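Undergrad: First, the structure itself, so that you have it in front of you.
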Amino acid sequence: MAISLDAFRADVRGRLQAQGCTVLLQPDANGSAWTADEGLPPDPARIRPQPLAWLESSWQATTSGQFRYAVNPMVVGNLLDLTFDGQSAITGRLDEGTPQSYAMTDPRGGFLKLLPWVAAGTDAELREAGRVRAAGSGHALENEYLTGVVAADLTLPPSHLPPPPPTPHEQALRAWLAGRADMGS
């Protein structure tokens with residue numbers, strides 16, 4: 001699991017890969033309008049729309065072959081004066097899925113499942129759609145986000161790591177289930 005911005009960091013993903021991770025889980029609550037420019041750009045001289053920057057996390061981790069799959073659930077909606085927005089996705093290899101992509105980006109392979117964004121149109125129209133939905137906009141569409149569930153049947157590769165030793169709690173449960181535990185009085 002690499003929460004939010006951790007999934008953008010090559011060193012974090014590298015450590016997960018070294019530990020035998022095959023499915024990257026990237027839960028996220030992106031704290032601004034999805035169609036705005038990225039809030040914490042790695043290179044302040046190269047600010048991009050968030051959906052374009054987001055391709056450098058889960059999607060890149062799977063299409064580059066680092067992980068077999070990635071699951072990126074995104075919280076959407078306004079909470080008080082905070083805006084959370086994005087598109088939930090399940091990604092795989094570049095040659096998998098139907099060509100599609102995040103809002104404001106060109107269609108591409110690797111998206112096994114992708115929750116559509118709330119609107120379609122030109123970049124300017126999408127930015128406006130994000131702006132009017134954001135917390136505090138006062139617009140009739142404020143907080144009118146698309147929510148949903150994405151799911152995919154994934155075939156996992158066999159693990160090459162031995163299972164960890166059972167914890168004391170697991171040992172006790174196994175003994176109890178096998179009838180070897182003394183419950184006392």
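By convention in this document, the chains of the structure tokens carry letters A, B, ... by their order, each chain's residues are numbered from 1, and ligands are numbered from 1 in the order they are shown.
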Per DSSP on the backbone, what are the strand (DSSP E or B) residues of chain A, as an MDAnalysis selection string?

TA: chainID A and resid 23:25 28 37 49 69:72 74 77:79 82:84 89:91 100 108 111:114

Undergrad: Could you write those residues out with N, CA and C atoms, as a compact mmCIF listing (two decimals), in the first residue's frame?

TA:
```
# COMPACT_ATOMS: atom_id res chain seq x y z
N VAL A 23 0.39 -6.30 -6.28
CA VAL A 23 -0.75 -5.42 -6.44
C VAL A 23 -0.52 -4.19 -5.58
N LEU A 24 -0.38 -3.06 -6.23
CA LEU A 24 -0.21 -1.79 -5.53
C LEU A 24 -1.58 -1.22 -5.20
N LEU A 25 -1.81 -0.93 -3.94
CA LEU A 25 -3.05 -0.29 -3.52
C LEU A 25 -2.72 1.16 -3.17
N ASP A 28 -6.72 7.19 -2.07
CA ASP A 28 -6.42 8.60 -2.16
C ASP A 28 -7.62 9.48 -1.90
N ASP A 37 -4.80 22.43 -11.80
CA ASP A 37 -3.38 22.06 -11.90
C ASP A 37 -2.95 21.40 -10.60
N PRO A 49 -1.94 19.70 -15.51
CA PRO A 49 -3.25 19.32 -14.96
C PRO A 49 -3.09 18.05 -14.11
N TYR A 69 -0.67 -5.30 -11.01
CA TYR A 69 -1.90 -4.51 -10.99
C TYR A 69 -1.77 -3.38 -9.98
N ALA A 70 -2.61 -2.37 -10.16
CA ALA A 70 -2.73 -1.30 -9.17
C ALA A 70 -4.21 -0.96 -9.03
N VAL A 71 -4.60 -0.69 -7.81
CA VAL A 71 -5.97 -0.31 -7.49
C VAL A 71 -5.90 1.06 -6.82
N ASN A 72 -6.57 2.05 -7.42
CA ASN A 72 -6.51 3.43 -6.93
C ASN A 72 -7.92 3.97 -6.67
N MET A 74 -10.51 6.54 -5.28
CA MET A 74 -10.44 7.98 -5.01
C MET A 74 -11.71 8.45 -4.28
N GLY A 77 -16.00 14.34 -3.44
CA GLY A 77 -17.05 15.08 -2.74
C GLY A 77 -16.45 16.17 -1.89
N ASN A 78 -17.30 17.06 -1.44
CA ASN A 78 -16.87 18.18 -0.62
C ASN A 78 -17.17 17.90 0.84
N LEU A 79 -16.25 18.26 1.70
CA LEU A 79 -16.41 18.14 3.14
C LEU A 79 -16.06 19.50 3.73
N LEU A 82 -13.46 21.73 2.02
CA LEU A 82 -12.46 20.92 1.31
C LEU A 82 -13.09 20.22 0.12
N THR A 83 -12.36 20.20 -0.98
CA THR A 83 -12.80 19.50 -2.18
C THR A 83 -11.94 18.26 -2.37
N PHE A 84 -12.58 17.11 -2.60
CA PHE A 84 -11.88 15.86 -2.93
C PHE A 84 -12.41 15.40 -4.27
N ALA A 89 -9.53 3.95 -10.35
CA ALA A 89 -9.06 3.14 -11.47
C ALA A 89 -8.42 1.84 -10.98
N ILE A 90 -8.46 0.84 -11.85
CA ILE A 90 -7.68 -0.38 -11.69
C ILE A 90 -6.85 -0.48 -12.96
N THR A 91 -5.55 -0.59 -12.79
CA THR A 91 -4.66 -0.61 -13.95
C THR A 91 -3.86 -1.90 -14.02
N GLN A 100 -8.55 4.15 -22.87
CA GLN A 100 -9.28 5.19 -22.16
C GLN A 100 -8.28 5.88 -21.25
N ARG A 108 -5.41 5.67 -23.68
CA ARG A 108 -4.23 4.80 -23.65
C ARG A 108 -4.61 3.47 -23.04
N PHE A 111 -5.70 0.70 -18.61
CA PHE A 111 -6.83 0.91 -17.70
C PHE A 111 -7.77 -0.27 -17.81
N LEU A 112 -7.79 -1.13 -16.78
CA LEU A 112 -8.70 -2.27 -16.76
C LEU A 112 -10.11 -1.81 -16.41
N LYS A 113 -10.21 -0.91 -15.45
CA LYS A 113 -11.48 -0.30 -15.06
C LYS A 113 -11.18 1.15 -14.70
N LEU A 114 -12.06 2.03 -15.12
CA LEU A 114 -11.89 3.45 -14.83
C LEU A 114 -13.26 4.07 -14.63
```

Undergrad: Restricting the calculation to only C-alpha atoms, which member of A:Pro73, A:Gly20, A:Gly179, A:Gly65 is positioned closest to Leu161 (chain A)?

TA: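 Checking each candidate against Leu161 (chain A), we get A:Gly20 as the closest.
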
Undergrad: Would you mind telling me which residue in A:Arg9, A:Leu126, A:Gln60, A:Ala18 lies nearest to Leu94 (chain A) when using only C-alpha atoms?

TA: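 Nearest candidate to Leu94 (chain A) out of A:Arg9, A:Leu126, A:Gln60, A:Ala18: A:Gln60.
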
Undergrad: Which of chain A counts as alpha helix (DSSP H) under DSSP, as a PyMOL selection string please?

TA: chain A and resi 10-18+50-54+58-63+123-133+168-177

Undergrad: Suppose you want the space between CA of Glu38 (chain A) and CA of Asn143 (chain A); what is it in Å?

TA: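 Taking CA of Glu38 (chain A) as the start and CA of Asn143 (chain A) as the end point, the length is 19.9 Å.
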
Undergrad: Looking at only C-alpha atoms, which of A:Gly130, A:Pro163, A:Gly39, A:Pro51 is the one that sits closest to Leu146 (chain A)?

TA: A:Gly130

Undergrad: As an exercise, work out the distance from CA of Arg131 (chain A) to CA of Gly110 (chain A) in Å and give it to one decimal place.

TA: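 Atom-to-atom, CA of Arg131 (chain A) and CA of Gly110 (chain A) are spaced 28.6 Å apart.
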
Undergrad: What lies within 10 Å of Leu5 (chain A) using only C-alpha atoms, ignoring chain neighbours under 5 positions off, as JSON, numbers by chain?

TA: {"A": [12, 26, 27, 28, 30, 40, 54, 57]}

Undergrad: Just checking: using only C-alpha atoms, which residue out of A:Gln66, A:Ser4, A:Ser137, A:Ser32 ends up closest to Arg93 (chain A)?

TA: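 Result for the nearest residue to Arg93 (chain A): A:Gln66.
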
Undergrad: When you draw a straight line from CA of Val118 (chain A) to CA of Ala36 (chain A), how long is it in Å?

TA: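 Computing it gives 14.1 Å between the two atoms.
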